[in-house]
Structure formats: structure tokens, C-alpha cells
Amino acid sequence: MAENVLVISILPDSDEVDLDNVVEEIKRKLPDYARLVRYEKEPYVFGLKKLIVRIVIPEREGLAYEIESILNSIDGISAEVERMGRL
């Protein structure tokens, strides 16, 4: 089965959000079919940093939306799929 990689921006709601804790929460919440393969912190605005995460999922309709919804359920952040590509 083919796989896709999602590139997702994770934006903190405030400077009090600990991005390392967010990464751990992402790892806990991801379903078995998805895996976090990479993440990095990048400058965002006003001294804040954002996370750019890469998650590999099977190629099935609706999974990108499902992952985005799961990530948006984490307190203190908002998540948006920026890109999706086939591996």
C-alpha cells in the first residue's frame, strides 16, 4: 500500500505552550496507522516558535483530515496540514 507524508504546522496559542510537551502529546494521540517521522521548531512571530511535523499515513481518503482533527484536539495549539505528498 502506498503511503503519504503530511507536513503540518503546529501553532501555539501563547508563549506558555511547551512545544516539547506538545510533541509527546502528538505521539500519544496518533492512531496506530500513523507515525511521526520528524519534527522541528521554527521561528514564528513575536519570539514564538512553531512546530513543523511530518507524519506518515497510508494512502486512504480522509486520513489527512482525521489527523488534523486529532491534532487540533490538543489544548493550546492549532494545527493545519500545509502539504501532502506520496512517498
# chains A, B, ... in the order shown; residues from 1 in each chain; ligands from 1

call {"tool": "residues_around", "arguments": {"residues": "Ile26 of chain A", "least_positions_apart": "4", "cutoff": "10 Å", "atoms": "only C-alpha atoms", "output": "list in words"}}
result
Asp20, Asn21, Val22, Leu30, Pro31, Arg35, Leu36, Val53, Ile67, Ile70, Leu71 and Ile74 of chain A

call {"tool": "write_last_selection", "arguments": {"atoms": "N, CA and C atoms", "output": "PDB file, in the first residue's frame"}}
result
ATOM      1  N   ASP A  20       7.797  20.911  23.483  1.00  0.00           N
ATOM      2  CA  ASP A  20       8.283  19.548  23.735  1.00  0.00           C
ATOM      3  C   ASP A  20       7.160  18.676  24.291  1.00  0.00           C
ATOM      4  N   ASN A  21       6.331  19.251  25.160  1.00  0.00           N
ATOM      5  CA  ASN A  21       5.172  18.513  25.671  1.00  0.00           C
ATOM      6  C   ASN A  21       4.164  18.246  24.564  1.00  0.00           C
ATOM      7  N   VAL A  22       4.029  19.195  23.638  1.00  0.00           N
ATOM      8  CA  VAL A  22       3.103  19.018  22.513  1.00  0.00           C
ATOM      9  C   VAL A  22       3.555  17.836  21.653  1.00  0.00           C
ATOM     10  N   LEU A  30      -1.601   9.888  18.234  1.00  0.00           N
ATOM     11  CA  LEU A  30      -1.640   9.370  16.864  1.00  0.00           C
ATOM     12  C   LEU A  30      -2.158   7.934  16.844  1.00  0.00           C
ATOM     13  N   PRO A  31      -3.037   7.618  15.889  1.00  0.00           N
ATOM     14  CA  PRO A  31      -3.509   6.234  15.745  1.00  0.00           C
ATOM     15  C   PRO A  31      -2.369   5.315  15.290  1.00  0.00           C
ATOM     16  N   ARG A  35       2.563   7.563  11.875  1.00  0.00           N
ATOM     17  CA  ARG A  35       3.800   7.663  12.651  1.00  0.00           C
ATOM     18  C   ARG A  35       4.464   9.027  12.420  1.00  0.00           C
ATOM     19  N   LEU A  36       4.900   9.599  13.513  1.00  0.00           N
ATOM     20  CA  LEU A  36       5.640  10.859  13.473  1.00  0.00           C
ATOM     21  C   LEU A  36       7.068  10.532  13.075  1.00  0.00           C
ATOM     22  N   VAL A  53       5.754  19.390  11.752  1.00  0.00           N
ATOM     23  CA  VAL A  53       5.830  17.942  11.941  1.00  0.00           C
ATOM     24  C   VAL A  53       5.556  17.231  10.625  1.00  0.00           C
ATOM     25  N   ILE A  67      -6.247  13.183  10.873  1.00  0.00           N
ATOM     26  CA  ILE A  67      -5.045  13.522  11.638  1.00  0.00           C
ATOM     27  C   ILE A  67      -5.089  14.984  12.068  1.00  0.00           C
ATOM     28  N   ILE A  70      -7.407  15.305  15.007  1.00  0.00           N
ATOM     29  CA  ILE A  70      -6.796  14.757  16.222  1.00  0.00           C
ATOM     30  C   ILE A  70      -5.823  15.768  16.819  1.00  0.00           C
ATOM     31  N   LEU A  71      -4.984  16.348  15.973  1.00  0.00           N
ATOM     32  CA  LEU A  71      -4.003  17.310  16.465  1.00  0.00           C
ATOM     33  C   LEU A  71      -4.674  18.570  17.008  1.00  0.00           C
ATOM     34  N   ILE A  74      -5.668  18.856  20.743  1.00  0.00           N
ATOM     35  CA  ILE A  74      -4.664  19.102  21.784  1.00  0.00           C
ATOM     36  C   ILE A  74      -4.804  20.536  22.270  1.00  0.00           C
TER      37      ILE A  74
END

call {"tool": "residues_around", "arguments": {"residues": "Gly76 of chain A", "least_positions_apart": "3", "cutoff": "12 Å", "atoms": "only C-alpha atoms", "output": "PDB file with C-alpha atoms, in the first residue's frame"}}
result
ATOM      1  CA  ILE A  10       1.542  23.407  14.794  1.00  0.00           C
ATOM      2  CA  LEU A  11       0.966  26.929  16.109  1.00  0.00           C
ATOM      3  CA  PRO A  12       0.975  27.618  19.863  1.00  0.00           C
ATOM      4  CA  ASP A  13      -1.814  29.754  21.324  1.00  0.00           C
ATOM      5  CA  SER A  14       0.621  31.545  23.654  1.00  0.00           C
ATOM      6  CA  ASP A  15       4.234  31.681  24.770  1.00  0.00           C
ATOM      7  CA  GLU A  16       3.339  29.440  27.720  1.00  0.00           C
ATOM      8  CA  VAL A  17       2.817  26.367  25.498  1.00  0.00           C
ATOM      9  CA  ASP A  18       5.709  23.907  25.875  1.00  0.00           C
ATOM     10  CA  LEU A  19       6.345  22.542  22.376  1.00  0.00           C
ATOM     11  CA  ASN A  21       5.172  18.513  25.671  1.00  0.00           C
ATOM     12  CA  VAL A  22       3.103  19.018  22.513  1.00  0.00           C
ATOM     13  CA  GLU A  25       1.101  14.524  23.239  1.00  0.00           C
ATOM     14  CA  LYS A  50       6.050  26.829  15.841  1.00  0.00           C
ATOM     15  CA  LEU A  71      -4.003  17.310  16.465  1.00  0.00           C
ATOM     16  CA  ASN A  72      -6.449  20.197  16.842  1.00  0.00           C
ATOM     17  CA  SER A  73      -7.921  18.433  19.886  1.00  0.00           C
ATOM     18  CA  ALA A  79      -2.744  22.520  13.541  1.00  0.00           C
TER      19      ALA A  79
END

call {"tool": "atom_distance", "arguments": {"atom1": "atom CA of Ser78 of chain A", "atom2": "atom CA of Ala34 of chain A"}}
result
18.9 Å

call {"tool": "select_by_dssp", "arguments": {"residues": "segment 4-56 of chain A", "states": "strand (DSSP E or B)", "output": "count of residues only"}}
result
26
